[in-house]
>>> print(open('final03.txt').read())   # compact mmCIF, C-alpha atoms
# COMPACT_ATOMS: atom_id res chain seq x y z
CA MET A 1 0.00 0.00 0.00
CA LYS A 2 1.35 3.39 -0.98
CA PHE A 3 0.53 6.21 1.39
CA SER A 4 -1.18 9.28 0.00
CA GLU A 5 0.15 12.70 0.90
CA GLU A 6 -2.95 13.18 3.05
CA GLN A 7 -2.27 9.94 4.94
CA ILE A 8 1.31 10.95 5.57
CA HIS A 9 0.13 14.27 6.97
CA ARG A 10 -2.63 12.65 9.04
CA TYR A 11 -0.33 10.09 10.66
CA SER A 12 2.95 12.03 10.51
CA ARG A 13 3.35 12.53 14.24
CA GLN A 14 3.23 8.80 14.91
CA MET A 15 4.99 7.67 11.71
CA ILE A 16 8.12 9.52 12.84
CA LEU A 17 8.22 7.50 16.06
CA PRO A 18 10.96 4.87 16.34
CA GLY A 19 9.54 1.46 15.52
CA ILE A 20 6.47 2.75 13.65
CA GLY A 21 7.40 4.36 10.33
CA GLY A 22 5.66 3.21 7.18
CA LYS A 23 5.75 -0.45 8.21
CA GLY A 24 4.01 0.18 11.50
CA GLN A 25 1.43 2.44 9.93
CA ARG A 26 0.69 -0.30 7.41
CA LYS A 27 0.21 -2.78 10.26
CA LEU A 28 -2.27 -0.41 11.86
CA GLY A 29 -4.11 0.01 8.57
CA GLU A 30 -4.43 -3.75 8.19
CA ALA A 31 -5.47 -4.33 11.82
CA ARG A 32 -9.02 -5.29 12.77
CA VAL A 33 -10.10 -4.59 16.35
CA PHE A 34 -13.38 -5.64 17.94
CA ILE A 35 -14.67 -3.48 20.78
CA MET A 36 -17.28 -4.89 23.13
CA GLY A 37 -19.37 -1.97 24.32
CA ALA A 38 -19.64 1.55 22.93
CA GLY A 39 -19.78 3.09 26.41
CA GLY A 40 -17.36 4.61 28.87
CA LEU A 41 -14.40 2.37 27.98
CA GLY A 42 -15.22 1.62 24.35
CA SER A 43 -15.66 5.30 23.50
CA PRO A 44 -12.15 6.58 24.19
CA ALA A 45 -10.62 3.32 22.99
CA ALA A 46 -12.47 3.46 19.66
CA ILE A 47 -11.73 7.14 19.15
CA TYR A 48 -7.98 6.76 19.64
CA LEU A 49 -7.78 3.59 17.55
CA ALA A 50 -9.66 5.27 14.71
CA ALA A 51 -7.50 8.36 14.99
CA ALA A 52 -4.36 6.21 14.82
CA GLY A 53 -5.54 4.64 11.57
CA VAL A 54 -6.59 1.17 12.70
CA GLY A 55 -8.13 -0.18 9.52
CA ALA A 56 -11.29 -1.81 10.83
CA ILE A 57 -13.16 -1.40 14.08
CA GLY A 58 -16.05 -3.60 15.12
CA LEU A 59 -18.37 -1.94 17.60
CA ALA A 60 -20.89 -4.02 19.56
CA ASP A 61 -23.62 -2.58 21.78
CA PHE A 62 -27.38 -3.07 21.80
CA ASP A 63 -28.17 -0.01 23.91
CA ARG A 64 -29.39 3.38 22.80
CA VAL A 65 -27.77 6.68 23.82
CA GLU A 66 -29.29 8.16 26.96
CA LEU A 67 -28.65 11.50 28.65
CA HIS A 68 -26.82 9.94 31.60
CA ASN A 69 -24.33 8.28 29.24
CA LEU A 70 -22.92 11.57 28.00
CA GLN A 71 -20.93 12.27 31.18
CA ARG A 72 -18.36 9.69 30.05
CA GLN A 73 -19.30 8.03 26.76
CA ILE A 74 -17.54 10.46 24.47
CA LEU A 75 -18.49 8.71 21.24
CA HIS A 76 -21.93 10.24 21.65
CA ARG A 77 -23.28 13.79 21.59
CA THR A 78 -26.47 15.36 22.96
CA PRO A 79 -28.26 15.22 19.58
CA ASP A 80 -27.50 11.47 19.45
CA ILE A 81 -29.84 10.68 22.36
CA GLY A 82 -32.17 7.91 21.28
CA LEU A 83 -29.86 6.58 18.56
CA LEU A 84 -28.33 3.14 18.79
CA LYS A 85 -24.91 3.62 20.40
CA VAL A 86 -23.22 1.75 17.58
CA ASP A 87 -24.76 4.08 14.98
CA SER A 88 -23.82 7.16 16.94
CA GLY A 89 -20.33 5.73 17.49
CA LYS A 90 -19.88 4.84 13.83
CA LYS A 91 -20.80 8.40 12.85
CA THR A 92 -18.26 9.87 15.30
CA LEU A 93 -15.47 7.54 14.18
CA GLU A 94 -16.11 8.07 10.48
CA THR A 95 -16.20 11.82 10.95
CA LEU A 96 -12.87 11.66 12.76
CA ASN A 97 -11.23 9.37 10.23
CA PRO A 98 -13.12 8.46 7.05
CA GLU A 99 -10.49 5.82 6.27
CA VAL A 100 -11.56 3.55 9.11
CA GLN A 101 -14.09 0.82 8.32
CA VAL A 102 -16.60 0.63 11.16
CA GLN A 103 -18.69 -2.53 11.40
CA VAL A 104 -21.55 -2.32 13.88
CA TYR A 105 -23.24 -5.09 15.87
CA SER A 106 -26.46 -3.90 17.51
CA GLU A 107 -27.69 -7.38 18.34
CA ARG A 108 -27.13 -8.87 21.78
CA ILE A 109 -23.80 -10.71 21.83
CA THR A 110 -24.30 -14.25 23.11
CA SER A 111 -22.71 -17.67 22.99
CA ALA A 112 -24.56 -18.21 19.73
CA ASN A 113 -22.89 -15.41 17.76
CA ILE A 114 -19.73 -14.19 19.50
CA ARG A 115 -17.24 -16.66 18.05
CA ASP A 116 -18.43 -16.03 14.52
CA ILE A 117 -18.09 -12.31 15.06
CA ILE A 118 -14.67 -12.15 16.70
CA LYS A 119 -13.00 -14.67 14.41
CA ASP A 120 -12.66 -11.94 11.77
CA TYR A 121 -10.73 -9.66 14.13
CA HIS A 122 -7.13 -9.66 15.31
CA LEU A 123 -7.75 -8.18 18.74
CA VAL A 124 -10.66 -7.84 21.16
CA LEU A 125 -11.16 -4.99 23.64
CA ASP A 126 -13.64 -5.60 26.41
CA GLY A 127 -15.41 -2.50 27.64
CA SER A 128 -18.57 -4.25 28.79
CA ASP A 129 -20.44 -3.32 31.95
CA ASN A 130 -21.46 -6.70 33.32
CA PHE A 131 -19.89 -9.98 34.39
CA PRO A 132 -21.81 -12.40 32.14
CA THR A 133 -20.47 -10.51 29.10
CA ARG A 134 -16.94 -10.33 30.51
CA PHE A 135 -16.82 -14.10 30.97
CA LEU A 136 -18.41 -14.72 27.59
CA VAL A 137 -15.86 -12.47 25.87
CA ASN A 138 -12.97 -14.09 27.73
CA ASP A 139 -14.09 -17.62 26.93
CA ALA A 140 -14.75 -16.80 23.27
CA CYS A 141 -11.32 -15.17 22.96
CA PHE A 142 -9.75 -18.26 24.50
CA PHE A 143 -11.47 -20.61 22.05
CA GLU A 144 -10.71 -18.35 19.07
CA LYS A 145 -7.12 -17.65 20.26
CA LYS A 146 -7.64 -13.89 20.20
CA THR A 147 -5.72 -11.47 22.36
CA LEU A 148 -8.10 -9.78 24.83
CA ILE A 149 -7.42 -6.35 26.27
CA SER A 150 -9.67 -6.05 29.26
CA GLY A 151 -10.60 -2.87 31.08
CA ALA A 152 -12.89 -2.45 34.08
CA ILE A 153 -13.99 0.54 36.12
CA LEU A 154 -16.04 1.42 39.17
CA ARG A 155 -16.36 4.67 41.09
CA PHE A 156 -12.80 6.09 41.20
CA ASP A 157 -11.02 2.83 40.37
CA GLY A 158 -9.95 1.05 37.23
CA GLN A 159 -8.22 -2.15 36.19
CA LEU A 160 -6.52 -3.22 33.01
CA SER A 161 -4.83 -6.35 31.71
CA THR A 162 -4.11 -8.20 28.48
CA PHE A 163 -5.02 -11.86 28.24
CA LYS A 164 -3.12 -14.08 25.82
CA PRO A 165 -3.47 -17.70 26.99
CA HIS A 166 -2.59 -18.81 23.43
CA ALA A 167 0.81 -17.18 23.97
CA GLY A 168 1.45 -18.59 27.46
CA GLY A 169 -0.22 -15.89 29.53
CA PRO A 170 -3.16 -16.16 31.92
CA CYS A 171 -6.80 -15.72 30.94
CA TYR A 172 -9.44 -13.67 32.75
CA ARG A 173 -10.66 -16.83 34.52
CA CYS A 174 -7.17 -17.46 35.95
CA LEU A 175 -7.76 -14.22 37.85
CA PHE A 176 -11.53 -14.45 38.39
CA PRO A 177 -12.62 -18.11 38.05
CA GLU A 178 -16.38 -17.47 38.10
CA PRO A 179 -18.71 -14.50 37.95
CA PRO A 180 -19.45 -13.11 41.43
CA PRO A 181 -22.86 -13.98 42.84
CA PRO A 182 -25.46 -11.47 41.69
CA GLY A 183 -25.68 -8.52 44.06
CA THR A 184 -22.21 -8.78 45.56
CA ILE A 185 -20.56 -6.29 43.23
CA PRO A 186 -22.39 -3.04 42.60
CA SER A 187 -22.80 -1.86 39.03
CA CYS A 188 -21.86 1.62 37.78
CA GLN A 189 -25.57 2.30 37.82
CA GLU A 190 -25.62 1.82 41.60
CA ALA A 191 -22.11 2.84 42.54
CA GLY A 192 -21.29 5.57 40.05
CA ILE A 193 -18.27 6.24 37.91
CA LEU A 194 -16.15 9.29 37.26
CA GLY A 195 -16.05 9.92 33.52
CA ALA A 196 -12.34 10.63 33.50
CA VAL A 197 -11.68 7.24 35.14
CA ALA A 198 -13.46 5.54 32.25
CA GLY A 199 -11.43 7.71 29.89
CA THR A 200 -8.15 6.79 31.55
CA ILE A 201 -8.71 3.04 31.38
CA GLY A 202 -10.27 3.12 27.88
CA LEU A 203 -7.29 5.10 26.64
CA LEU A 204 -4.88 2.63 28.17
CA GLN A 205 -6.77 -0.16 26.41
CA ALA A 206 -6.23 1.69 23.12
CA ASN A 207 -2.57 2.15 24.04
CA GLU A 208 -2.14 -1.58 24.69
CA ALA A 209 -4.01 -2.44 21.48
CA LEU A 210 -1.65 -0.25 19.46
CA LYS A 211 1.36 -1.87 21.15
CA GLU A 212 0.05 -5.37 20.40
CA ILE A 213 -0.58 -4.48 16.75
CA LEU A 214 2.80 -2.81 16.34
CA GLY A 215 4.71 -5.39 18.38
CA LEU A 216 6.18 -2.60 20.48
CA GLY A 217 7.07 -2.40 24.14
CA ARG A 218 6.07 -4.71 26.96
CA SER A 219 2.68 -6.37 26.82
CA MET A 220 0.30 -6.22 29.78
CA SER A 221 -0.10 -10.00 29.50
CA GLY A 222 0.64 -11.45 32.94
CA ARG A 223 0.24 -8.05 34.60
CA LEU A 224 -2.81 -6.46 36.16
CA LEU A 225 -2.80 -2.68 36.40
CA LEU A 226 -4.77 -1.15 39.27
CA PHE A 227 -5.63 2.53 39.06
CA ASN A 228 -7.08 4.81 41.71
CA ALA A 229 -7.99 8.29 40.60
CA LEU A 230 -8.23 9.86 44.06
CA SER A 231 -4.69 8.97 45.08
CA LEU A 232 -3.61 9.05 41.42
CA CYS A 233 -1.78 5.79 41.92
CA PHE A 234 -1.04 3.09 39.41
CA ASP A 235 -0.12 -0.27 40.95
CA GLU A 236 0.80 -3.45 39.17
CA VAL A 237 0.21 -7.03 40.23
CA LYS A 238 1.85 -9.97 38.53
CA ILE A 239 -0.62 -12.63 37.41
CA GLU A 240 0.34 -16.15 36.38
CA PRO A 241 -1.61 -18.71 34.39
CA ASN A 242 -3.61 -20.84 36.82
CA PRO A 243 -2.75 -24.51 36.18
CA VAL A 244 -6.19 -25.52 37.44
CA CYS A 245 -8.05 -22.82 35.52
CA ARG A 246 -11.36 -24.32 34.43
CA LEU A 247 -10.91 -22.80 30.99
CA CYS A 248 -7.22 -22.68 30.07
CA GLY A 249 -5.76 -25.05 32.71
CA LYS A 250 -4.45 -28.56 32.15
CA ASN A 251 -7.79 -30.29 32.71
CA PRO A 252 -10.37 -27.78 31.58
CA ALA A 253 -13.97 -28.27 32.66
CA ILE A 254 -15.29 -25.56 30.37
CA LYS A 255 -15.45 -26.88 26.83
CA GLU A 256 -18.01 -24.51 25.41
CA LEU A 257 -19.38 -21.02 25.90
CA ILE A 258 -21.70 -20.27 28.80
CA ASP A 259 -24.44 -17.65 28.88
CA TYR A 260 -24.59 -16.62 32.51
CA PRO A 261 -27.89 -14.98 33.44
CA LEU A 262 -27.86 -11.23 33.13
CA THR A 263 -29.52 -10.18 36.38
CA CYS A 264 -30.42 -6.65 37.33
CA GLN A 265 -27.60 -6.76 39.88
CA ALA A 266 -24.95 -7.78 37.37
CA MET B 1 22.19 29.65 5.46
CA GLY B 2 25.47 29.94 7.34
CA GLY B 3 23.88 28.54 10.46
CA ILE B 4 22.53 25.50 8.65
CA SER B 5 25.84 24.86 6.90
CA ALA B 6 27.66 25.06 10.20
CA ALA B 7 25.22 22.60 11.76
CA ILE B 8 25.70 20.16 8.89
CA GLU B 9 29.48 20.45 9.13
CA ARG B 10 29.10 19.49 12.76
CA ASP B 11 26.65 16.63 12.31
CA ILE B 12 27.55 15.00 9.02
CA PRO B 13 31.06 14.20 7.90
CA LYS B 14 31.39 15.19 4.27
CA ASN B 15 32.26 12.51 1.82
CA ARG B 16 33.07 14.15 -1.47
CA GLU B 17 35.20 11.41 -2.95
CA GLY B 18 33.73 10.49 -6.31
CA ARG B 19 30.72 12.74 -5.59
CA PHE B 20 28.41 9.70 -5.67
CA PRO B 21 28.16 9.38 -9.44
CA ARG B 22 24.79 7.67 -9.35
CA PHE B 23 21.67 7.38 -7.33
CA ASP B 24 18.93 4.76 -7.63
CA ARG B 25 15.98 7.01 -6.90
CA GLU B 26 15.36 10.68 -6.58
CA LEU B 27 12.75 12.43 -4.48
CA ASN B 28 11.86 16.04 -5.11
CA LEU B 29 10.42 17.46 -1.90
CA LYS B 30 10.57 21.12 -2.84
CA GLY B 31 7.68 22.96 -1.25
CA LYS B 32 7.28 20.28 1.46
CA ILE B 33 7.93 20.90 5.13
CA CYS B 34 8.87 18.75 8.12
CA PRO B 35 8.04 16.14 9.19
CA TYR B 36 6.59 15.28 5.77
CA THR B 37 10.07 15.56 4.22
CA PHE B 38 11.52 12.92 6.53
CA ILE B 39 8.55 10.56 6.34
CA GLU B 40 8.39 10.62 2.55
CA SER B 41 12.17 9.97 2.43
CA MET B 42 11.83 7.05 4.85
CA LEU B 43 8.85 5.56 2.98
CA THR B 44 10.82 5.75 -0.27
CA LEU B 45 13.81 4.06 1.34
CA GLU B 46 11.54 1.32 2.71
CA GLU B 47 10.59 0.52 -0.90
CA MET B 48 14.22 0.40 -2.06
CA LYS B 49 16.76 -2.42 -1.89
CA ARG B 50 19.65 -2.63 0.53
CA ASP B 51 22.55 -0.29 -0.27
CA GLU B 52 20.61 1.58 -2.94
CA VAL B 53 21.12 5.33 -2.87
CA LEU B 54 18.39 7.93 -2.66
CA ARG B 55 18.86 11.58 -3.56
CA VAL B 56 16.41 13.89 -1.82
CA ILE B 57 15.97 17.53 -2.82
CA VAL B 58 14.55 19.92 -0.25
CA ASP B 59 14.08 23.67 -0.05
CA TYR B 60 12.68 23.96 3.48
CA PRO B 61 15.65 25.19 5.53
CA PRO B 62 14.92 23.16 8.73
CA ALA B 63 14.71 19.99 6.60
CA VAL B 64 18.37 20.37 5.66
CA CYS B 65 19.28 19.55 9.26
CA ASP B 66 16.28 17.56 10.39
CA VAL B 67 15.95 15.04 7.55
CA PRO B 68 19.59 13.83 7.70
CA ARG B 69 19.48 13.67 11.49
CA SER B 70 16.21 11.71 11.57
CA LEU B 71 17.42 9.34 8.84
CA LYS B 72 20.63 8.70 10.78
CA ASN B 73 18.57 7.99 13.90
CA GLU B 74 16.65 5.38 11.92
CA GLY B 75 19.91 3.70 10.91
CA TYR B 76 20.31 5.02 7.39
CA GLU B 77 23.72 6.16 6.15
CA VAL B 78 23.69 9.82 5.14
CA LEU B 79 26.34 10.19 2.45
CA ASP B 80 26.20 13.87 1.72
CA VAL B 81 24.24 17.07 2.26
CA SER B 82 25.06 19.94 -0.13
CA PRO B 83 23.51 23.10 -1.49
CA ILE B 84 22.47 22.91 -5.15
CA ASN B 85 21.67 26.58 -5.52
CA GLU B 86 20.50 29.44 -3.34
CA THR B 87 17.32 27.71 -2.25
CA ASP B 88 17.70 23.95 -2.80
CA TRP B 89 19.71 21.29 -1.04
CA GLU B 90 20.45 17.69 -1.91
CA ILE B 91 20.63 14.90 0.65
CA TRP B 92 22.21 11.61 -0.39
CA VAL B 93 21.36 8.60 1.69
CA ARG B 94 22.18 4.90 1.41
CA ASN B 95 19.54 2.35 2.33
CA LYS B 96 20.10 0.05 5.28
CA GLU B 97 19.49 -3.65 5.49
CA VAL B 98 15.86 -4.30 4.79
CA GLU B 99 14.15 -5.89 7.79
>>> encode(input="final03.txt", output="structure tokens")
Amino acid sequence: MKFSEEQIHRYSRQMILPGIGGKGQRKLGEARVFIMGAGGLGSPAAIYLAAAGVGAIGLADFDRVELHNLQRQILHRTPDIGLLKVDSGKKTLETLNPEVQVQVYSERITSANIRDIIKDYHLVLDGSDNFPTRFLVNDACFFEKKTLISGAILRFDGQLSTFKPHAGGPCYRCLFPEPPPPGTIPSCQEAGILGAVAGTIGLLQANEALKEILGLGRSMSGRLLLFNALSLCFDEVKIEPNPVCRLCGKNPAIKELIDYPLTCQA
Amino acid sequence: MGGISAAIERDIPKNREGRFPRFDRELNLKGKICPYTFIESMLTLEEMKRDEVLRVIVDYPPAVCDVPRSLKNEGYEVLDVSPINETDWEIWVRNKEVE
């Protein structure tokens, strides 16, 4: 692929970086990233990936834009209220960078369709807001051997890790074997979330996605980042593959995808 | 121009022997500014074979310093930087091993 003068200008500030250049920019242009959720995490992640010239972005969300989303879900604008989030998100991304191909999935993502959807992508970013989806995404990524960049947020806290069990790293279930019982973990709806916390973690997910695509730096595989906005502290915990993990361990009990019930407390 | 010449004298050892009788490709970047000048040079070199020589022509004064320096940082061998006339400069660069 030959770069146009416009492309060189658009991406010039990253193409001059060591290790990117034309080859790296081409890798970005050929990359396909699936983002689960067009909300607080998916918004900043999608925006920065589109801006960087990631060739194809898949955006999955079945919700519509509501007023209370706009405090953090920066893919959407006030006039977008009532639109499907994926349609509003696609419009924002295409306005930012018309070169990016945005594929939208407004259907509910379940065990029946997720593997078919993610198999066409190189990388998966999880920005979902409930545990059944998180486990579904993790398990599907494991079976499809896709790298998963997982972000999670609540109140003033955030977490981030990259899961690559196909490359020797742990999976999400090595860290959290099963979804917590309904009601034990409050949702953002109950507990609240600072928009900038969502932005911080979503941005870091985009950062890690770019690193994985470019093959640059040190992966977050095997490392869990813990962020607290009030103390402005980033801590890191080492995580190892769990040999008795029910999904990626030596004697796995989970052989197929599970649809955990989506309760109101999830 | 004196300042730029002095900077080049400092940064790039001149190699005038034989005056590089041939180049494999030429890139005219007159009217282009940084960092476009460097990126276009690098993209052209990425398309070329190992040890092939590229001649780049620039007329944006900062590019006379910045393009050779950035190319050197990327591992390319800058062979020569010289004025052609009152406004234009030529930068000769040899391609590195293709990754």
>>> residues_around(input="final03.txt", residues="B:Ile39", least_positions_apart="6", cutoff="12 Å", atoms="only C-alpha atoms", output="number ranges by chain")
A: 3-5, 7-18, 20-23, 25; B: 27, 29, 32-33, 45-46, 56, 63, 66-68, 70-71, 74
>>> closest_atom_pairs(input="final03.txt", of="chain B", to="chain A", cutoff="7 Å", atoms="all atoms listed in the file", output="CSV")
residue,atom,partner,partner_atom,distance
B:Pro35,CA,A:Ser12,CA,6.7
B:Tyr36,CA,A:His9,CA,6.6
B:Ile39,CA,A:Ile16,CA,6.6
B:Leu43,CA,A:Gly22,CA,5.8
>>> closest_residue(input="final03.txt", among="A:Glu178, A:Asp139, A:Glu6, A:Glu240", to="A:Lys255", atoms="only C-alpha atoms")
A:Asp139
>>> atom_distance(input="final03.txt", atom1="atom CA of A:Gly55", atom2="atom CA of A:Val100")
5.1 Å
>>> atom_distance(input="final03.txt", atom1="atom CA of B:Asp59", atom2="atom CA of A:Ala52")
29.4 Å
>>> residues_around(input="final03.txt", residues="A:Gly202", least_positions_apart="5", cutoff="12 Å", atoms="only C-alpha atoms", output="number ranges by chain")
A: 35-49, 72-75, 125-128, 149-153, 158-161, 195-197, 207-209
>>> write_last_selection(input="final03.txt", atoms="C-alpha atoms", output="PDB file, in the coordinates of the input")
ATOM      1  CA  ILE A  35     -14.670  -3.480  20.780  1.00  0.00           C
ATOM      2  CA  MET A  36     -17.280  -4.890  23.130  1.00  0.00           C
ATOM      3  CA  GLY A  37     -19.370  -1.970  24.320  1.00  0.00           C
ATOM      4  CA  ALA A  38     -19.640   1.550  22.930  1.00  0.00           C
ATOM      5  CA  GLY A  39     -19.780   3.090  26.410  1.00  0.00           C
ATOM      6  CA  GLY A  40     -17.360   4.610  28.870  1.00  0.00           C
ATOM      7  CA  LEU A  41     -14.400   2.370  27.980  1.00  0.00           C
ATOM      8  CA  GLY A  42     -15.220   1.620  24.350  1.00  0.00           C
ATOM      9  CA  SER A  43     -15.660   5.300  23.500  1.00  0.00           C
ATOM     10  CA  PRO A  44     -12.150   6.580  24.190  1.00  0.00           C
ATOM     11  CA  ALA A  45     -10.620   3.320  22.990  1.00  0.00           C
ATOM     12  CA  ALA A  46     -12.470   3.460  19.660  1.00  0.00           C
ATOM     13  CA  ILE A  47     -11.730   7.140  19.150  1.00  0.00           C
ATOM     14  CA  TYR A  48      -7.980   6.760  19.640  1.00  0.00           C
ATOM     15  CA  LEU A  49      -7.780   3.590  17.550  1.00  0.00           C
ATOM     16  CA  ARG A  72     -18.360   9.690  30.050  1.00  0.00           C
ATOM     17  CA  GLN A  73     -19.300   8.030  26.760  1.00  0.00           C
ATOM     18  CA  ILE A  74     -17.540  10.460  24.470  1.00  0.00           C
ATOM     19  CA  LEU A  75     -18.490   8.710  21.240  1.00  0.00           C
ATOM     20  CA  LEU A 125     -11.160  -4.990  23.640  1.00  0.00           C
ATOM     21  CA  ASP A 126     -13.640  -5.600  26.410  1.00  0.00           C
ATOM     22  CA  GLY A 127     -15.410  -2.500  27.640  1.00  0.00           C
ATOM     23  CA  SER A 128     -18.570  -4.250  28.790  1.00  0.00           C
ATOM     24  CA  ILE A 149      -7.420  -6.350  26.270  1.00  0.00           C
ATOM     25  CA  SER A 150      -9.670  -6.050  29.260  1.00  0.00           C
ATOM     26  CA  GLY A 151     -10.600  -2.870  31.080  1.00  0.00           C
ATOM     27  CA  ALA A 152     -12.890  -2.450  34.080  1.00  0.00           C
ATOM     28  CA  ILE A 153     -13.990   0.540  36.120  1.00  0.00           C
ATOM     29  CA  GLY A 158      -9.950   1.050  37.230  1.00  0.00           C
ATOM     30  CA  GLN A 159      -8.220  -2.150  36.190  1.00  0.00           C
ATOM     31  CA  LEU A 160      -6.520  -3.220  33.010  1.00  0.00           C
ATOM     32  CA  SER A 161      -4.830  -6.350  31.710  1.00  0.00           C
ATOM     33  CA  GLY A 195     -16.050   9.920  33.520  1.00  0.00           C
ATOM     34  CA  ALA A 196     -12.340  10.630  33.500  1.00  0.00           C
ATOM     35  CA  VAL A 197     -11.680   7.240  35.140  1.00  0.00           C
ATOM     36  CA  ASN A 207      -2.570   2.150  24.040  1.00  0.00           C
ATOM     37  CA  GLU A 208      -2.140  -1.580  24.690  1.00  0.00           C
ATOM     38  CA  ALA A 209      -4.010  -2.440  21.480  1.00  0.00           C
TER      39      ALA A 209
END
>>> closest_residue(input="final03.txt", among="A:Phe156, A:Glu190, A:Asp259, A:Ile185", to="A:Asn228", atoms="all atoms listed in the file")
A:Phe156
>>> atom_distance(input="final03.txt", atom1="atom CA of B:Asp80", atom2="atom CA of B:Val93")
7.2 Å
>>> residues_around(input="final03.txt", residues="B:Asn95", least_positions_apart="4", cutoff="6 Å", atoms="only C-alpha atoms", output="PyMOL selection string")
chain B and resi 50-52+76
>>> residues_around(input="final03.txt", residues="B:Lys49", least_positions_apart="6", cutoff="10 Å", atoms="only C-alpha atoms", output="list in words")
Asp24, Arg94, Asn95, Lys96, Glu97 and Val98 of chain B
>>> build_atoms(input="final03.txt", residues="stretch 221-239 of chain A", atoms="N, CA and C atoms", output="short mmCIF file (atom, residue, chain, number, x, y, z; two decimals), keeping the file's coordinate frame")
data_model
loop_
_atom_site.label_atom_id
_atom_site.label_comp_id
_atom_site.auth_asym_id
_atom_site.auth_seq_id
_atom_site.Cartn_x
_atom_site.Cartn_y
_atom_site.Cartn_z
N SER A 221 0.19 -8.59 29.22
CA SER A 221 -0.10 -10.00 29.50
C SER A 221 0.68 -10.43 30.75
N GLY A 222 -0.02 -11.03 31.70
CA GLY A 222 0.64 -11.45 32.94
C GLY A 222 0.77 -10.34 33.97
N ARG A 223 0.17 -9.20 33.69
CA ARG A 223 0.24 -8.05 34.60
C ARG A 223 -1.15 -7.44 34.72
N LEU A 224 -1.53 -7.13 35.93
CA LEU A 224 -2.81 -6.46 36.16
C LEU A 224 -2.51 -5.06 36.69
N LEU A 225 -3.00 -4.06 35.98
CA LEU A 225 -2.80 -2.68 36.40
C LEU A 225 -4.00 -2.24 37.24
N LEU A 226 -3.71 -1.65 38.38
CA LEU A 226 -4.77 -1.15 39.27
C LEU A 226 -4.61 0.36 39.37
N PHE A 227 -5.68 1.07 39.09
CA PHE A 227 -5.63 2.53 39.06
C PHE A 227 -6.62 3.11 40.06
N ASN A 228 -6.16 4.06 40.85
CA ASN A 228 -7.08 4.81 41.71
C ASN A 228 -6.92 6.28 41.41
N ALA A 229 -8.04 6.90 41.05
CA ALA A 229 -7.99 8.29 40.60
C ALA A 229 -7.80 9.26 41.76
N LEU A 230 -8.30 8.92 42.95
CA LEU A 230 -8.23 9.86 44.06
C LEU A 230 -6.80 10.00 44.59
N SER A 231 -6.09 8.89 44.65
CA SER A 231 -4.69 8.97 45.08
C SER A 231 -3.78 9.19 43.87
N LEU A 232 -4.36 9.07 42.68
CA LEU A 232 -3.61 9.05 41.42
C LEU A 232 -2.42 8.10 41.54
N CYS A 233 -2.79 6.83 41.82
CA CYS A 233 -1.78 5.79 41.92
C CYS A 233 -2.06 4.70 40.90
N PHE A 234 -0.99 4.28 40.26
CA PHE A 234 -1.04 3.09 39.41
C PHE A 234 -0.24 2.00 40.11
N ASP A 235 -0.85 0.86 40.37
CA ASP A 235 -0.12 -0.27 40.95
C ASP A 235 -0.20 -1.42 39.96
N GLU A 236 0.78 -2.31 40.08
CA GLU A 236 0.80 -3.45 39.17
C GLU A 236 0.95 -4.74 39.95
N VAL A 237 0.15 -5.73 39.59
CA VAL A 237 0.21 -7.03 40.23
C VAL A 237 0.56 -8.05 39.16
N LYS A 238 1.49 -8.93 39.49
CA LYS A 238 1.85 -9.97 38.53
C LYS A 238 0.79 -11.06 38.57
N ILE A 239 0.35 -11.52 37.42
CA ILE A 239 -0.62 -12.63 37.41
C ILE A 239 -0.07 -13.77 36.54
#
